[in-house]
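Encoded as structure tokens, the structure appears first; notes follow it.
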Amino acid sequence: MEKRSALLASLLFGLLVSGAYSRTFTFVNKCAYEVWAGTQASAGSPALTETGFQLDQGASVSLEAPSHWSGRFWGRTGCAADATGQFKCKTGDCGSNKVACNGAGAIPPATLIEFTLDGGGGQDFYDTSLVDGYNVPFSVNPQGGSGSCGVSACGANINAACPPELKVTDEGGAIIACKSACEAFNTDEYCCRGAFGGPDTCNPNKYSTVFKQACPTAYSYAYDDKTSTFTCKAPAYILTFCP
């Protein structure tokens, strides 16, 4: 029994020293409306215990992710079950027809927070991305930890500054999201593909500049790495809608 206890203690100590510990993601809704969070694991990472859930105003939900997990989070708005019982959202819908996204990602436009845990040297990599457009203010704030550990966020109301050709409106004409130029125009230049498929040829444009001016720490186009990628080794992160 003593040998077994000693072995378990040794294993636990090894995990702690190597940084192989889980992370806690706490989602908080500070919006003046309901938000339905979505979670999607990258290929090779396990799905979290919740792939979609409702957050009432002021509510919070915590999820655990294993070390070396990779994936993304986003918010859905204007969600409800239709006459046939299928769940749909006006923005950020994942197309599962349910509250749980079950592996499906967000349909653009949607504000994304992306994570790669223990991506190198024990550090977690994370960012806020507007590459797929914008639908709700969102931020990630590390709790404790070591490294640069900066706050990555897009807390501005980009819908208010959205160019007319990128606007998404509801049936009443209210602006509910802002498309990326890639989604709106589907050109190689705006989508950073073809002859524009690299950091030397894909540059900021007049539309990505609108996003960058509103949210300086968020990705505004595919190769916006220098000011938009953050690293930290932290046990917990707070993800806030409408920070």
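Each chain in the structure tokens gets a letter, A, B, ..., in the order shown, and its residues are numbered from 1; ligands are numbered from 1 in order too.
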
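Secondary structure of region 75-114 of chain A, strand (DSSP E or B) only (DSSP, backbone atoms): Gly75, Arg76, Thr77, Ala80, Ala81, Phe87, Lys88, Thr91, Leu112, Ile113 and Glu114 of chain A.
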
Output file for the residues above (all heavy atoms, as a short mmCIF file (atom, residue, chain, number, x, y, z; two decimals), in the first residue's frame):
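Result went into again_35.cif, see below:
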```
data_model
loop_
_atom_site.label_atom_id
_atom_site.label_comp_id
_atom_site.auth_asym_id
_atom_site.auth_seq_id
_atom_site.Cartn_x
_atom_site.Cartn_y
_atom_site.Cartn_z
N GLY A 75 -19.90 33.24 -28.87
CA GLY A 75 -21.24 33.47 -28.35
C GLY A 75 -22.28 33.49 -29.45
O GLY A 75 -22.01 33.93 -30.57
N ARG A 76 -23.46 32.99 -29.11
CA ARG A 76 -24.60 33.02 -30.04
C ARG A 76 -25.67 33.92 -29.45
O ARG A 76 -25.90 33.94 -28.25
CB ARG A 76 -25.15 31.60 -30.23
CG ARG A 76 -24.17 30.64 -30.90
CD ARG A 76 -24.64 29.19 -30.83
NE ARG A 76 -24.50 28.65 -29.49
CZ ARG A 76 -25.00 27.47 -29.11
NH1 ARG A 76 -25.70 26.74 -29.96
NH2 ARG A 76 -24.81 27.04 -27.88
N THR A 77 -26.35 34.67 -30.31
CA THR A 77 -27.37 35.61 -29.84
C THR A 77 -28.67 35.40 -30.60
O THR A 77 -28.68 34.86 -31.71
CB THR A 77 -26.90 37.06 -30.02
OG1 THR A 77 -26.75 37.36 -31.43
CG2 THR A 77 -25.57 37.31 -29.33
N ALA A 80 -33.50 30.67 -30.13
CA ALA A 80 -34.80 30.13 -29.69
C ALA A 80 -35.12 28.90 -30.52
O ALA A 80 -34.53 28.67 -31.59
CB ALA A 80 -35.91 31.17 -29.85
N ALA A 81 -36.03 28.08 -30.01
CA ALA A 81 -36.53 26.93 -30.76
C ALA A 81 -37.63 27.41 -31.71
O ALA A 81 -38.49 28.22 -31.34
CB ALA A 81 -37.06 25.87 -29.82
N PHE A 87 -33.51 24.30 -32.61
CA PHE A 87 -32.88 25.45 -31.98
C PHE A 87 -32.04 26.22 -32.99
O PHE A 87 -31.17 25.66 -33.65
CB PHE A 87 -32.01 24.96 -30.83
CG PHE A 87 -31.37 26.06 -30.02
CD1 PHE A 87 -32.09 26.73 -29.05
CD2 PHE A 87 -30.04 26.41 -30.23
CE1 PHE A 87 -31.50 27.73 -28.29
CE2 PHE A 87 -29.45 27.41 -29.48
CZ PHE A 87 -30.18 28.07 -28.51
N LYS A 88 -32.29 27.52 -33.12
CA LYS A 88 -31.57 28.35 -34.07
C LYS A 88 -31.21 29.68 -33.44
O LYS A 88 -31.88 30.15 -32.53
CB LYS A 88 -32.40 28.58 -35.34
CG LYS A 88 -32.75 27.29 -36.08
CD LYS A 88 -33.51 27.57 -37.36
CE LYS A 88 -33.91 26.27 -38.06
NZ LYS A 88 -32.73 25.48 -38.46
N THR A 91 -27.25 35.02 -34.66
CA THR A 91 -25.82 35.16 -34.93
C THR A 91 -25.05 34.05 -34.23
O THR A 91 -25.46 33.57 -33.17
CB THR A 91 -25.26 36.51 -34.45
OG1 THR A 91 -25.15 36.53 -33.02
CG2 THR A 91 -26.13 37.67 -34.91
N LEU A 112 -14.53 35.21 -32.12
CA LEU A 112 -13.98 33.95 -31.64
C LEU A 112 -12.87 34.19 -30.63
O LEU A 112 -12.11 35.16 -30.74
CB LEU A 112 -13.40 33.13 -32.79
CG LEU A 112 -14.33 32.78 -33.95
CD1 LEU A 112 -13.54 32.07 -35.05
CD2 LEU A 112 -15.47 31.90 -33.47
N ILE A 113 -12.78 33.30 -29.64
CA ILE A 113 -11.59 33.22 -28.79
C ILE A 113 -10.98 31.84 -29.02
O ILE A 113 -11.66 30.82 -28.90
CB ILE A 113 -11.91 33.47 -27.31
CG1 ILE A 113 -12.15 34.96 -27.09
CG2 ILE A 113 -10.79 32.97 -26.42
CD1 ILE A 113 -12.43 35.36 -25.66
N GLU A 114 -9.69 31.83 -29.35
CA GLU A 114 -9.00 30.60 -29.74
C GLU A 114 -7.89 30.29 -28.74
O GLU A 114 -7.17 31.18 -28.30
CB GLU A 114 -8.42 30.76 -31.14
CG GLU A 114 -9.49 31.12 -32.18
CD GLU A 114 -8.94 31.50 -33.54
OE1 GLU A 114 -8.00 32.33 -33.58
OE2 GLU A 114 -9.45 31.00 -34.55
#
```

- Query: Can you list, as a count of residues only, every protein, DNA or RNA residue that comes within 9 Å of Ser208 (chain A) when you count only C-alpha atoms, leaving out same-chain residues fewer than 4 positions away?
  - Reply: 11

- Note on the structure: note - CA of Ser129 (chain A) and CA of Tyr237 (chain A) are separated by 16.8 Å

- Message: Would you pick out the contacts of Gln143 (chain A) at 8 Å or less, using only C-alpha atoms, so that residues sharing its chain but fewer than 2 positions from it are not included, and give the list as a PyMOL selection string?
- Response: chain A and resi 141+145+234-238

Take the residues from that selection and write them out as a short mmCIF file (atom, residue, chain, number, x, y, z; two decimals), in the first residue's frame, keeping all heavy atoms.
```cif
data_model
loop_
_atom_site.label_atom_id
_atom_site.label_comp_id
_atom_site.auth_asym_id
_atom_site.auth_seq_id
_atom_site.Cartn_x
_atom_site.Cartn_y
_atom_site.Cartn_z
N ASN A 141 -9.28 36.72 -19.94
CA ASN A 141 -8.44 37.31 -18.92
C ASN A 141 -7.80 36.20 -18.09
O ASN A 141 -8.50 35.50 -17.34
CB ASN A 141 -9.28 38.22 -18.02
CG ASN A 141 -8.43 39.09 -17.11
OD1 ASN A 141 -7.29 38.79 -16.85
ND2 ASN A 141 -9.01 40.18 -16.62
N GLY A 145 -0.71 32.93 -12.96
CA GLY A 145 0.14 32.38 -14.00
C GLY A 145 1.38 33.20 -14.26
O GLY A 145 1.64 34.22 -13.62
N ALA A 234 -1.24 29.73 -17.09
CA ALA A 234 -2.18 30.05 -16.01
C ALA A 234 -3.10 28.86 -15.74
O ALA A 234 -3.43 28.10 -16.66
CB ALA A 234 -3.01 31.27 -16.37
N PRO A 235 -3.54 28.69 -14.51
CA PRO A 235 -4.46 27.60 -14.19
C PRO A 235 -5.90 27.88 -14.58
O PRO A 235 -6.71 26.96 -14.67
CB PRO A 235 -4.33 27.46 -12.67
CG PRO A 235 -3.99 28.84 -12.21
CD PRO A 235 -3.12 29.43 -13.30
N ALA A 236 -6.23 29.17 -14.80
CA ALA A 236 -7.62 29.52 -15.07
C ALA A 236 -7.69 30.76 -15.95
O ALA A 236 -6.81 31.63 -15.93
CB ALA A 236 -8.35 29.76 -13.76
N TYR A 237 -8.80 30.81 -16.72
CA TYR A 237 -9.06 31.95 -17.59
C TYR A 237 -10.52 32.34 -17.46
O TYR A 237 -11.40 31.47 -17.41
CB TYR A 237 -8.77 31.61 -19.05
CG TYR A 237 -7.31 31.29 -19.33
CD1 TYR A 237 -6.82 30.00 -19.19
CD2 TYR A 237 -6.43 32.29 -19.74
CE1 TYR A 237 -5.49 29.70 -19.43
CE2 TYR A 237 -5.10 32.00 -20.00
CZ TYR A 237 -4.63 30.72 -19.86
OH TYR A 237 -3.30 30.44 -20.09
N ILE A 238 -10.78 33.65 -17.40
CA ILE A 238 -12.15 34.14 -17.39
C ILE A 238 -12.48 34.67 -18.78
O ILE A 238 -11.78 35.53 -19.31
CB ILE A 238 -12.35 35.23 -16.33
CG1 ILE A 238 -12.18 34.65 -14.93
CG2 ILE A 238 -13.74 35.85 -16.46
CD1 ILE A 238 -12.33 35.65 -13.82
#
```

- Message: I'd like the neighbourhood of Asn157 (chain A) as number ranges by chain, where a residue qualifies if any of its atoms comes within 12 Å (using only C-alpha atoms), though same-chain residues fewer than 2 positions away should be ignored.
- Response: A: 31, 111, 134-138, 153-155, 159-162, 175-178, 210-211, 213-215, 241-243

- Query: What is the CA of Val140 (chain A)-CA of Pro164 (chain A) distance in Å, reported with one decimal?
  - Reply: 28.9 Å
